[in-house]
Each structure stands twice: as C-alpha cells, then as structure tokens.
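**Q** This is the content of input_28.tsv (TSV, N, CA and C atoms):
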```
chain	number	residue	atom	x	y	z
Z	272	MET	N	-1.48	79.75	2.94
Z	272	MET	CA	-0.87	81.04	3.22
Z	272	MET	C	-1.93	81.95	3.84
Z	273	GLN	N	-1.49	82.72	4.81
Z	273	GLN	CA	-2.34	83.68	5.48
Z	273	GLN	C	-2.76	84.79	4.52
Z	274	LYS	N	-4.00	85.23	4.63
Z	274	LYS	CA	-4.50	86.32	3.80
Z	274	LYS	C	-4.05	87.66	4.39
Z	275	PRO	N	-3.70	88.60	3.53
Z	275	PRO	CA	-3.34	89.93	4.04
Z	275	PRO	C	-4.55	90.64	4.66
Z	276	ILE	N	-4.27	91.50	5.61
Z	276	ILE	CA	-5.29	92.37	6.17
Z	276	ILE	C	-5.38	93.59	5.25
Z	277	PHE	N	-6.60	94.00	4.95
Z	277	PHE	CA	-6.80	95.13	4.05
Z	277	PHE	C	-7.51	96.27	4.76
Z	278	ALA	N	-7.21	97.49	4.33
Z	278	ALA	CA	-7.83	98.68	4.91
Z	278	ALA	C	-9.19	98.97	4.29
Z	279	SER	N	-9.38	98.54	3.05
Z	279	SER	CA	-10.63	98.82	2.34
Z	279	SER	C	-10.73	97.90	1.13
Z	280	GLN	N	-11.88	97.95	0.47
Z	280	GLN	CA	-12.06	97.19	-0.77
Z	280	GLN	C	-11.06	97.63	-1.82
Z	281	GLU	N	-10.86	98.92	-1.93
Z	281	GLU	CA	-9.92	99.44	-2.93
Z	281	GLU	C	-8.51	98.96	-2.64
Z	282	HIS	N	-8.12	98.98	-1.38
Z	282	HIS	CA	-6.81	98.47	-0.97
Z	282	HIS	C	-6.70	96.99	-1.34
Z	283	GLN	N	-7.72	96.23	-1.04
Z	283	GLN	CA	-7.71	94.80	-1.34
Z	283	GLN	C	-7.58	94.55	-2.84
Z	284	MET	N	-8.37	95.21	-3.64
Z	284	MET	CA	-8.32	94.99	-5.08
Z	284	MET	C	-6.96	95.36	-5.65
Z	285	THR	N	-6.40	96.47	-5.21
Z	285	THR	CA	-5.11	96.93	-5.70
Z	285	THR	C	-4.00	95.94	-5.35
Z	286	ILE	N	-3.97	95.50	-4.11
Z	286	ILE	CA	-2.94	94.56	-3.66
Z	286	ILE	C	-3.11	93.20	-4.32
Z	287	GLU	N	-4.34	92.72	-4.42
Z	287	GLU	CA	-4.56	91.40	-5.00
Z	287	GLU	C	-4.14	91.34	-6.47
Z	288	VAL	N	-4.41	92.40	-7.22
Z	288	VAL	CA	-3.98	92.43	-8.63
Z	288	VAL	C	-2.46	92.34	-8.71
Z	289	PHE	N	-1.78	93.12	-7.88
Z	289	PHE	CA	-0.32	93.12	-7.89
Z	289	PHE	C	0.24	91.77	-7.43
Z	290	MET	N	-0.30	91.26	-6.33
Z	290	MET	CA	0.20	89.98	-5.80
Z	290	MET	C	-0.03	88.85	-6.80
Z	291	ASN	N	-1.20	88.80	-7.39
Z	291	ASN	CA	-1.51	87.74	-8.34
Z	291	ASN	C	-0.58	87.77	-9.54
Z	292	ALA	N	-0.24	88.96	-10.00
Z	292	ALA	CA	0.70	89.08	-11.12
Z	292	ALA	C	2.08	88.56	-10.71
Z	293	CYS	N	2.56	88.97	-9.55
Z	293	CYS	CA	3.87	88.50	-9.08
Z	293	CYS	C	3.88	86.98	-8.94
Z	294	LEU	N	2.85	86.43	-8.33
Z	294	LEU	CA	2.78	84.99	-8.13
Z	294	LEU	C	2.73	84.24	-9.46
Z	295	LYS	N	1.96	84.75	-10.40
Z	295	LYS	CA	1.84	84.10	-11.71
Z	295	LYS	C	3.17	84.17	-12.47
Z	296	PHE	N	3.80	85.33	-12.47
Z	296	PHE	CA	5.09	85.48	-13.15
Z	296	PHE	C	6.12	84.51	-12.57
Z	297	ALA	N	6.20	84.47	-11.24
Z	297	ALA	CA	7.17	83.61	-10.58
Z	297	ALA	C	6.90	82.14	-10.87
Z	298	GLU	N	5.65	81.76	-10.87
Z	298	GLU	CA	5.30	80.37	-11.13
Z	298	GLU	C	5.66	79.97	-12.56
Z	299	GLU	N	5.46	80.87	-13.50
Z	299	GLU	CA	5.71	80.56	-14.91
Z	299	GLU	C	7.19	80.37	-15.25
Z	300	VAL	N	8.08	80.98	-14.49
Z	300	VAL	CA	9.51	80.91	-14.83
Z	300	VAL	C	10.31	79.98	-13.93
Z	301	SER	N	9.65	79.30	-12.99
Z	301	SER	CA	10.41	78.49	-12.05
Z	301	SER	C	9.91	77.05	-11.99
Z	302	THR	N	10.68	76.25	-11.28
Z	302	THR	CA	10.28	74.87	-11.01
Z	302	THR	C	9.38	74.87	-9.77
Z	303	LYS	N	8.71	73.77	-9.55
Z	303	LYS	CA	7.83	73.68	-8.37
Z	303	LYS	C	8.59	73.86	-7.05
Z	304	PRO	N	9.75	73.23	-6.87
Z	304	PRO	CA	10.47	73.43	-5.60
Z	304	PRO	C	10.92	74.89	-5.40
Z	305	LYS	N	11.39	75.52	-6.45
Z	305	LYS	CA	11.82	76.92	-6.33
Z	305	LYS	C	10.63	77.83	-6.09
Z	306	TYR	N	9.52	77.54	-6.75
Z	306	TYR	CA	8.31	78.33	-6.55
Z	306	TYR	C	7.81	78.17	-5.11
Z	307	SER	N	7.92	76.99	-4.57
Z	307	SER	CA	7.54	76.76	-3.18
Z	307	SER	C	8.40	77.60	-2.23
Z	308	ASN	N	9.68	77.71	-2.52
Z	308	ASN	CA	10.57	78.58	-1.72
Z	308	ASN	C	10.15	80.04	-1.84
Z	309	TYR	N	9.77	80.44	-3.04
Z	309	TYR	CA	9.30	81.81	-3.27
Z	309	TYR	C	8.04	82.07	-2.44
Z	310	LEU	N	7.13	81.10	-2.41
Z	310	LEU	CA	5.89	81.25	-1.64
Z	310	LEU	C	6.18	81.40	-0.15
Z	311	ASP	N	7.25	80.78	0.34
Z	311	ASP	CA	7.65	80.95	1.73
Z	311	ASP	C	8.02	82.40	2.02
Z	312	ILE	N	8.69	83.03	1.08
Z	312	ILE	CA	9.05	84.44	1.23
Z	312	ILE	C	7.81	85.32	1.19
Z	313	VAL	N	6.90	85.02	0.28
Z	313	VAL	CA	5.64	85.78	0.19
Z	313	VAL	C	4.87	85.65	1.50
Z	314	LYS	N	4.86	84.46	2.07
Z	314	LYS	CA	4.18	84.24	3.35
Z	314	LYS	C	4.79	85.12	4.43
Z	315	ASP	N	6.10	85.22	4.47
Z	315	ASP	CA	6.78	86.07	5.46
Z	315	ASP	C	6.41	87.54	5.26
Z	316	ILE	N	6.32	87.97	4.02
Z	316	ILE	CA	5.95	89.37	3.73
Z	316	ILE	C	4.54	89.65	4.22
Z	317	VAL	N	3.61	88.74	3.95
Z	317	VAL	CA	2.22	88.93	4.39
Z	317	VAL	C	2.14	88.93	5.92
Z	318	GLU	N	2.86	88.04	6.57
Z	318	GLU	CA	2.87	88.01	8.04
Z	318	GLU	C	3.42	89.31	8.61
Z	319	TYR	N	4.47	89.84	8.01
Z	319	TYR	CA	5.03	91.11	8.46
Z	319	TYR	C	4.00	92.22	8.27
Z	320	HIS	N	3.36	92.25	7.12
Z	320	HIS	CA	2.32	93.24	6.82
Z	320	HIS	C	1.19	93.16	7.86
Z	321	ASN	N	0.72	91.95	8.12
Z	321	ASN	CA	-0.40	91.79	9.04
Z	321	ASN	C	-0.04	92.16	10.48
Z	322	GLY	N	1.21	91.99	10.86
Z	322	GLY	CA	1.63	92.30	12.22
Z	322	GLY	C	2.21	93.69	12.41
Z	323	PHE	N	2.35	94.42	11.32
Z	323	PHE	CA	2.98	95.74	11.37
Z	323	PHE	C	2.17	96.68	12.24
Z	324	GLY	N	2.83	97.33	13.17
Z	324	GLY	CA	2.18	98.33	14.00
Z	324	GLY	C	1.50	97.77	15.24
Z	325	ASN	N	1.53	96.45	15.44
Z	325	ASN	CA	0.90	95.89	16.63
Z	325	ASN	C	1.56	96.39	17.91
Z	326	GLU	N	2.85	96.59	17.85
Z	326	GLU	CA	3.60	97.01	19.04
Z	326	GLU	C	3.76	98.53	19.13
Z	327	THR	N	3.66	99.19	17.99
Z	327	THR	CA	3.89	100.63	17.96
Z	327	THR	C	2.82	101.32	17.14
Z	328	ASN	N	2.84	102.62	17.14
Z	328	ASN	CA	1.90	103.40	16.34
Z	328	ASN	C	2.59	103.79	15.04
Z	329	GLU	N	2.73	102.83	14.14
Z	329	GLU	CA	3.43	103.06	12.89
Z	329	GLU	C	2.55	103.82	11.90
Z	330	ASP	N	3.19	104.41	10.93
Z	330	ASP	CA	2.53	105.20	9.92
Z	330	ASP	C	1.66	104.34	9.00
Z	331	TYR	N	0.43	104.77	8.76
Z	331	TYR	CA	-0.53	104.08	7.92
Z	331	TYR	C	0.01	103.84	6.51
Z	332	TYR	N	0.63	104.85	5.92
Z	332	TYR	CA	1.12	104.71	4.54
Z	332	TYR	C	2.32	103.77	4.44
Z	333	ASN	N	3.12	103.70	5.49
Z	333	ASN	CA	4.19	102.69	5.51
Z	333	ASN	C	3.58	101.30	5.47
Z	334	TRP	N	2.50	101.10	6.21
Z	334	TRP	CA	1.82	99.81	6.24
Z	334	TRP	C	1.24	99.47	4.86
Z	335	LEU	N	0.63	100.44	4.21
Z	335	LEU	CA	0.05	100.20	2.89
Z	335	LEU	C	1.09	99.75	1.88
Z	336	MET	N	2.31	100.21	2.02
Z	336	MET	CA	3.37	99.95	1.04
Z	336	MET	C	4.17	98.67	1.30
Z	337	ILE	N	3.96	98.02	2.44
Z	337	ILE	CA	4.77	96.85	2.78
Z	337	ILE	C	4.69	95.77	1.71
Z	338	ILE	N	3.49	95.37	1.34
Z	338	ILE	CA	3.37	94.27	0.38
Z	338	ILE	C	3.92	94.65	-0.99
Z	339	PRO	N	3.49	95.76	-1.59
Z	339	PRO	CA	4.02	96.01	-2.94
Z	339	PRO	C	5.53	96.20	-2.99
Z	340	ILE	N	6.10	96.93	-2.07
Z	340	ILE	CA	7.54	97.19	-2.10
Z	340	ILE	C	8.32	95.90	-1.83
Z	341	ASN	N	7.99	95.22	-0.75
Z	341	ASN	CA	8.73	94.00	-0.39
Z	341	ASN	C	8.52	92.88	-1.39
Z	342	LEU	N	7.30	92.74	-1.89
Z	342	LEU	CA	7.03	91.69	-2.86
Z	342	LEU	C	7.74	91.96	-4.18
Z	343	SER	N	7.82	93.22	-4.58
Z	343	SER	CA	8.52	93.52	-5.84
Z	343	SER	C	10.02	93.25	-5.69
Z	344	VAL	N	10.59	93.59	-4.55
Z	344	VAL	CA	12.02	93.32	-4.31
Z	344	VAL	C	12.26	91.81	-4.27
Z	345	ALA	N	11.40	91.08	-3.57
Z	345	ALA	CA	11.56	89.62	-3.49
Z	345	ALA	C	11.43	88.98	-4.87
Z	346	THR	N	10.46	89.43	-5.65
Z	346	THR	CA	10.24	88.85	-6.97
Z	346	THR	C	11.38	89.18	-7.92
Z	347	THR	N	11.86	90.40	-7.86
Z	347	THR	CA	12.99	90.80	-8.70
Z	347	THR	C	14.24	89.99	-8.34
Z	348	GLY	N	14.48	89.79	-7.06
Z	348	GLY	CA	15.61	88.96	-6.62
Z	348	GLY	C	15.43	87.51	-7.04
Z	349	PHE	N	14.21	87.03	-6.95
Z	349	PHE	CA	13.91	85.66	-7.39
Z	349	PHE	C	14.21	85.52	-8.88
Z	350	PHE	N	13.78	86.50	-9.66
Z	350	PHE	CA	14.05	86.48	-11.10
Z	350	PHE	C	15.55	86.48	-11.38
Z	351	ALA	N	16.29	87.30	-10.64
Z	351	ALA	CA	17.74	87.38	-10.86
Z	351	ALA	C	18.40	86.03	-10.61
Z	352	GLY	N	17.92	85.31	-9.61
Z	352	GLY	CA	18.47	84.00	-9.31
Z	352	GLY	C	18.12	82.93	-10.34
Z	353	LEU	N	17.04	83.16	-11.07
Z	353	LEU	CA	16.59	82.18	-12.06
Z	353	LEU	C	17.08	82.47	-13.48
Z	354	GLU	N	17.54	83.68	-13.71
Z	354	GLU	CA	17.86	84.09	-15.08
Z	354	GLU	C	19.03	83.30	-15.67
Z	355	THR	N	18.79	82.83	-16.88
Z	355	THR	CA	19.82	82.13	-17.67
Z	355	THR	C	19.79	82.73	-19.07
Z	356	LYS	N	20.73	82.32	-19.91
Z	356	LYS	CA	20.72	82.80	-21.29
Z	356	LYS	C	19.43	82.40	-21.99
Z	357	ARG	N	18.94	81.21	-21.66
Z	357	ARG	CA	17.76	80.68	-22.33
Z	357	ARG	C	16.47	81.42	-21.95
Z	358	ASN	N	16.35	81.87	-20.70
Z	358	ASN	CA	15.10	82.50	-20.27
Z	358	ASN	C	15.21	84.00	-20.02
Z	359	SER	N	16.34	84.59	-20.35
Z	359	SER	CA	16.57	85.99	-20.00
Z	359	SER	C	15.56	86.95	-20.62
Z	360	ALA	N	15.11	86.69	-21.84
Z	360	ALA	CA	14.14	87.59	-22.47
Z	360	ALA	C	12.82	87.58	-21.71
Z	361	VAL	N	12.36	86.42	-21.31
Z	361	VAL	CA	11.10	86.31	-20.57
Z	361	VAL	C	11.24	86.95	-19.19
Z	362	ILE	N	12.34	86.65	-18.50
Z	362	ILE	CA	12.58	87.21	-17.16
Z	362	ILE	C	12.62	88.73	-17.23
Z	363	ARG	N	13.33	89.27	-18.18
Z	363	ARG	CA	13.44	90.73	-18.30
Z	363	ARG	C	12.11	91.37	-18.67
Z	364	ALA	N	11.34	90.70	-19.51
Z	364	ALA	CA	10.02	91.22	-19.86
Z	364	ALA	C	9.12	91.27	-18.61
Z	365	TYR	N	9.12	90.18	-17.84
Z	365	TYR	CA	8.35	90.16	-16.60
Z	365	TYR	C	8.84	91.24	-15.63
Z	366	SER	N	10.13	91.47	-15.58
Z	366	SER	CA	10.69	92.49	-14.69
Z	366	SER	C	10.21	93.88	-15.07
Z	367	VAL	N	10.16	94.16	-16.36
Z	367	VAL	CA	9.68	95.47	-16.83
Z	367	VAL	C	8.21	95.64	-16.47
Z	368	VAL	N	7.42	94.62	-16.73
Z	368	VAL	CA	5.99	94.68	-16.41
Z	368	VAL	C	5.79	94.84	-14.90
Z	369	LEU	N	6.54	94.08	-14.12
Z	369	LEU	CA	6.45	94.15	-12.67
Z	369	LEU	C	6.80	95.55	-12.17
Z	370	ASN	N	7.85	96.16	-12.72
Z	370	ASN	CA	8.24	97.50	-12.31
Z	370	ASN	C	7.14	98.51	-12.62
Z	371	GLU	N	6.53	98.41	-13.78
Z	371	GLU	CA	5.44	99.32	-14.15
Z	371	GLU	C	4.23	99.10	-13.24
Z	372	MET	N	3.93	97.85	-12.97
Z	372	MET	CA	2.81	97.55	-12.06
Z	372	MET	C	3.08	98.07	-10.66
Z	373	LEU	N	4.31	97.98	-10.20
Z	373	LEU	CA	4.66	98.51	-8.88
Z	373	LEU	C	4.38	100.01	-8.82
Z	374	HIS	N	4.83	100.74	-9.83
Z	374	HIS	CA	4.60	102.19	-9.84
Z	374	HIS	C	3.11	102.50	-9.84
Z	375	ASN	N	2.33	101.80	-10.63
Z	375	ASN	CA	0.88	102.01	-10.67
Z	375	ASN	C	0.23	101.68	-9.34
Z	376	THR	N	0.67	100.58	-8.72
Z	376	THR	CA	0.12	100.17	-7.42
Z	376	THR	C	0.42	101.20	-6.36
Z	377	VAL	N	1.66	101.66	-6.29
Z	377	VAL	CA	2.05	102.66	-5.30
Z	377	VAL	C	1.27	103.96	-5.52
Z	378	ASP	N	1.10	104.36	-6.77
Z	378	ASP	CA	0.32	105.57	-7.06
Z	378	ASP	C	-1.12	105.43	-6.57
Z	379	LYS	N	-1.72	104.28	-6.77
Z	379	LYS	CA	-3.10	104.05	-6.31
Z	379	LYS	C	-3.17	104.07	-4.79
Z	380	LEU	N	-2.19	103.44	-4.14
Z	380	LEU	CA	-2.20	103.38	-2.68
Z	380	LEU	C	-1.98	104.75	-2.05
Z	381	LYS	N	-1.22	105.61	-2.71
Z	381	LYS	CA	-0.99	106.96	-2.19
Z	381	LYS	C	-2.29	107.76	-2.13
Z	382	LEU	N	-3.25	107.40	-2.96
Z	382	LEU	CA	-4.52	108.12	-3.00
Z	382	LEU	C	-5.51	107.68	-1.92
Z	383	LEU	N	-5.24	106.55	-1.27
Z	383	LEU	CA	-6.13	106.09	-0.22
Z	383	LEU	C	-6.03	107.02	0.98
Z	384	THR	N	-7.17	107.29	1.58
Z	384	THR	CA	-7.19	108.18	2.74
Z	384	THR	C	-7.74	107.44	3.94
Z	385	ILE	N	-7.39	107.94	5.11
Z	385	ILE	CA	-7.90	107.39	6.37
Z	385	ILE	C	-9.25	108.03	6.61
Z	386	GLU	N	-10.28	107.19	6.71
Z	386	GLU	CA	-11.62	107.72	6.93
Z	386	GLU	C	-12.07	107.60	8.39
Z	387	ASN	N	-11.75	106.50	9.03
Z	387	ASN	CA	-12.15	106.26	10.41
Z	387	ASN	C	-10.92	105.93	11.24
Z	388	GLU	N	-10.45	106.92	11.96
Z	388	GLU	CA	-9.24	106.69	12.73
Z	388	GLU	C	-9.57	106.39	14.16
```
Take the structure from the file and write it as structure tokens.

**A**
Amino acid sequence: MQKPIFASQEHQMTIEVFMNACLKFAEEVSTKPKYSNYLDIVKDIVEYHNGFGNETNEDYYNWLMIIPINLSVATTGFFAGLETKRNSAVIRAYSVVLNEMLHNTVDKLKLLTIENE
C-alpha cells in the first residue's frame, strides 16, 4: 500500500495513530479475505489523499481531513457489514472508540498551521 503524504511530523504521527487503530480493529473482527477487501478501500483513500489538489488549488484543511473522515466512514461501514448477534458487543465497542478517536484526531489536525506556503 502506498504511504500517505504528510504535511509535518505532527500530521504524520496523528494520522498514523488513527490509521493503525482502524486497521487493527478491522483486522480483529474480520476474516482475511474481508480484511483484504477493506485494505483495498484504505488504499483508495490514501491515493485520493495523496492526489488531492494536484489539479486545483484545494483547501489545505480539506486535505488534512481526507484520511480521518473517509477512513472512519469506511471502517464504520465495514463494521456494519460484519456485525452479527455474536460479535455485536465487540463491533459496537470498537465503533465507540473509533468515533472518539476521530474527534480527537480532527481536533489535533485543526490546530496545525501552514508555515511555508
């Protein structure tokens, strides 16, 4: 999988913590084939993030939010597709943690400033 482009060390650390949690949660509740499908979606999100603004002068903060917002939506949808009576408690617990992590990640990213434009 292609590595995301980062604006700074802080951006990298913030995104990597969030991405690693999503990837770990998804891997723990799914089968290998389903997890592989999930990774395909993550790859598409990273490619979109890396290519964002190449054609236009898009907003910096929109770019910062691509991975956390899209990855949280993809992971939540993935969880919804996997949820059964047997695993619903684990899926819902991961969903709550993911939602809290998303809010924390977005709050951290909002504080990043453009230093060299």

**Q** If we count only C-alpha atoms, what is near Asn375 (chain Z) at a cut-off of 12 Å, once residues fewer than 4 positions away on the same chain are taken out, given as a PyMOL selection string?

**A** chain Z and resi 285-286+288-289+339-340+368-371+379-382

**Q** Quick one, how far is CA of Val367 (chain Z) from atom C of Glu281 (chain Z)?

**A**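 The value is 23.3 Å.
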
**Q** Quick check, in Å to one decimal: how far apart do CA of Leu335 (chain Z) and CA of Phe350 (chain Z) lie?

**A**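 So the two atoms, CA of Leu335 (chain Z) and CA of Phe350 (chain Z), lie 24.1 Å apart.
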
**Q** Counting only C-alpha atoms, write as JSON, numbers by chain all protein and nucleic acid residues lying at most 6 Å from (6.5, 85.6, -5.9) in the file's frame.

**A** {"Z": [293, 294, 297, 309, 346]}

**Q** Quick one, how far is CA of Met284 (chain Z) from CA of Val300 (chain Z)?

**A** 24.7 Å

**Q** Using DSSP on the backbone coordinates, identify all residues within region 283-386 of chain Z classified as alpha helix (DSSP H); present the result as an NGL selection string.

**A** :Z and (283-300 or 303-322 or 331-353 or 359-381)

**Q** Which is closer to Lys314 (chain Z) than all the others in Z:Met290, Z:Met336, Z:Met272, Z:Val344, using only C-alpha atoms?

**A**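 Under the stated criterion, the closest residue is Z:Met272.
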
**Q** Which residues of region 341-368 of chain Z sit at most 10 Å from region 301-305 of chain Z, using only C-alpha atoms? Give each one's shortest atom pair and distance in Å (one decimal place), in chain and ascending residue order, as CSV.

**A**
```
residue,atom,partner,partner_atom,distance
Z:Phe349,CA,Z:Lys305,CA,9.0
Z:Phe350,CA,Z:Ser301,CA,8.8
Z:Leu353,CA,Z:Ser301,CA,7.2
Z:Glu354,CA,Z:Ser301,CA,9.8
```

**Q** If you keep N, CA and C atoms, can you produce a file of those selected residues as a PDB file, in the frame of the given file?

**A**
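So the final result, stored in out22.pdb, reads:
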```pdb
ATOM      1  N   PHE Z 349      14.210  87.030  -6.950  1.00  0.00           N
ATOM      2  CA  PHE Z 349      13.910  85.660  -7.390  1.00  0.00           C
ATOM      3  C   PHE Z 349      14.210  85.520  -8.880  1.00  0.00           C
ATOM      4  N   PHE Z 350      13.780  86.500  -9.660  1.00  0.00           N
ATOM      5  CA  PHE Z 350      14.050  86.480 -11.100  1.00  0.00           C
ATOM      6  C   PHE Z 350      15.550  86.480 -11.380  1.00  0.00           C
ATOM      7  N   LEU Z 353      17.040  83.160 -11.070  1.00  0.00           N
ATOM      8  CA  LEU Z 353      16.590  82.180 -12.060  1.00  0.00           C
ATOM      9  C   LEU Z 353      17.080  82.470 -13.480  1.00  0.00           C
ATOM     10  N   GLU Z 354      17.540  83.680 -13.710  1.00  0.00           N
ATOM     11  CA  GLU Z 354      17.860  84.090 -15.080  1.00  0.00           C
ATOM     12  C   GLU Z 354      19.030  83.300 -15.670  1.00  0.00           C
TER      13      GLU Z 354
END
```

**Q** For Tyr319 (chain Z), which of Z:Ile276, Z:Glu298, Z:Asn358, Z:Ser343 is the closest residue, counting only C-alpha atoms?

**A**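 With only C-alpha atoms as the atom set, the closest residue is Z:Ile276.
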
**Q** Mind checking which residues fall within 12 Å of Ile337 (chain Z), counting only C-alpha atoms, ignoring those fewer than 4 positions away in the same chain, and posting them as a PyMOL selection string?

**A** chain Z and resi 275-277+286+290+313+315-324+329-333+341-345+373+376-377+380

**Q** In terms of the shortest atom-to-atom distance over only C-alpha atoms, which of Z:Ser366, Z:Trp334, Z:Gln280, Z:Leu383 is closest to Thr347 (chain Z)?

**A**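 For Thr347 (chain Z), the nearest of the candidates is Z:Ser366.
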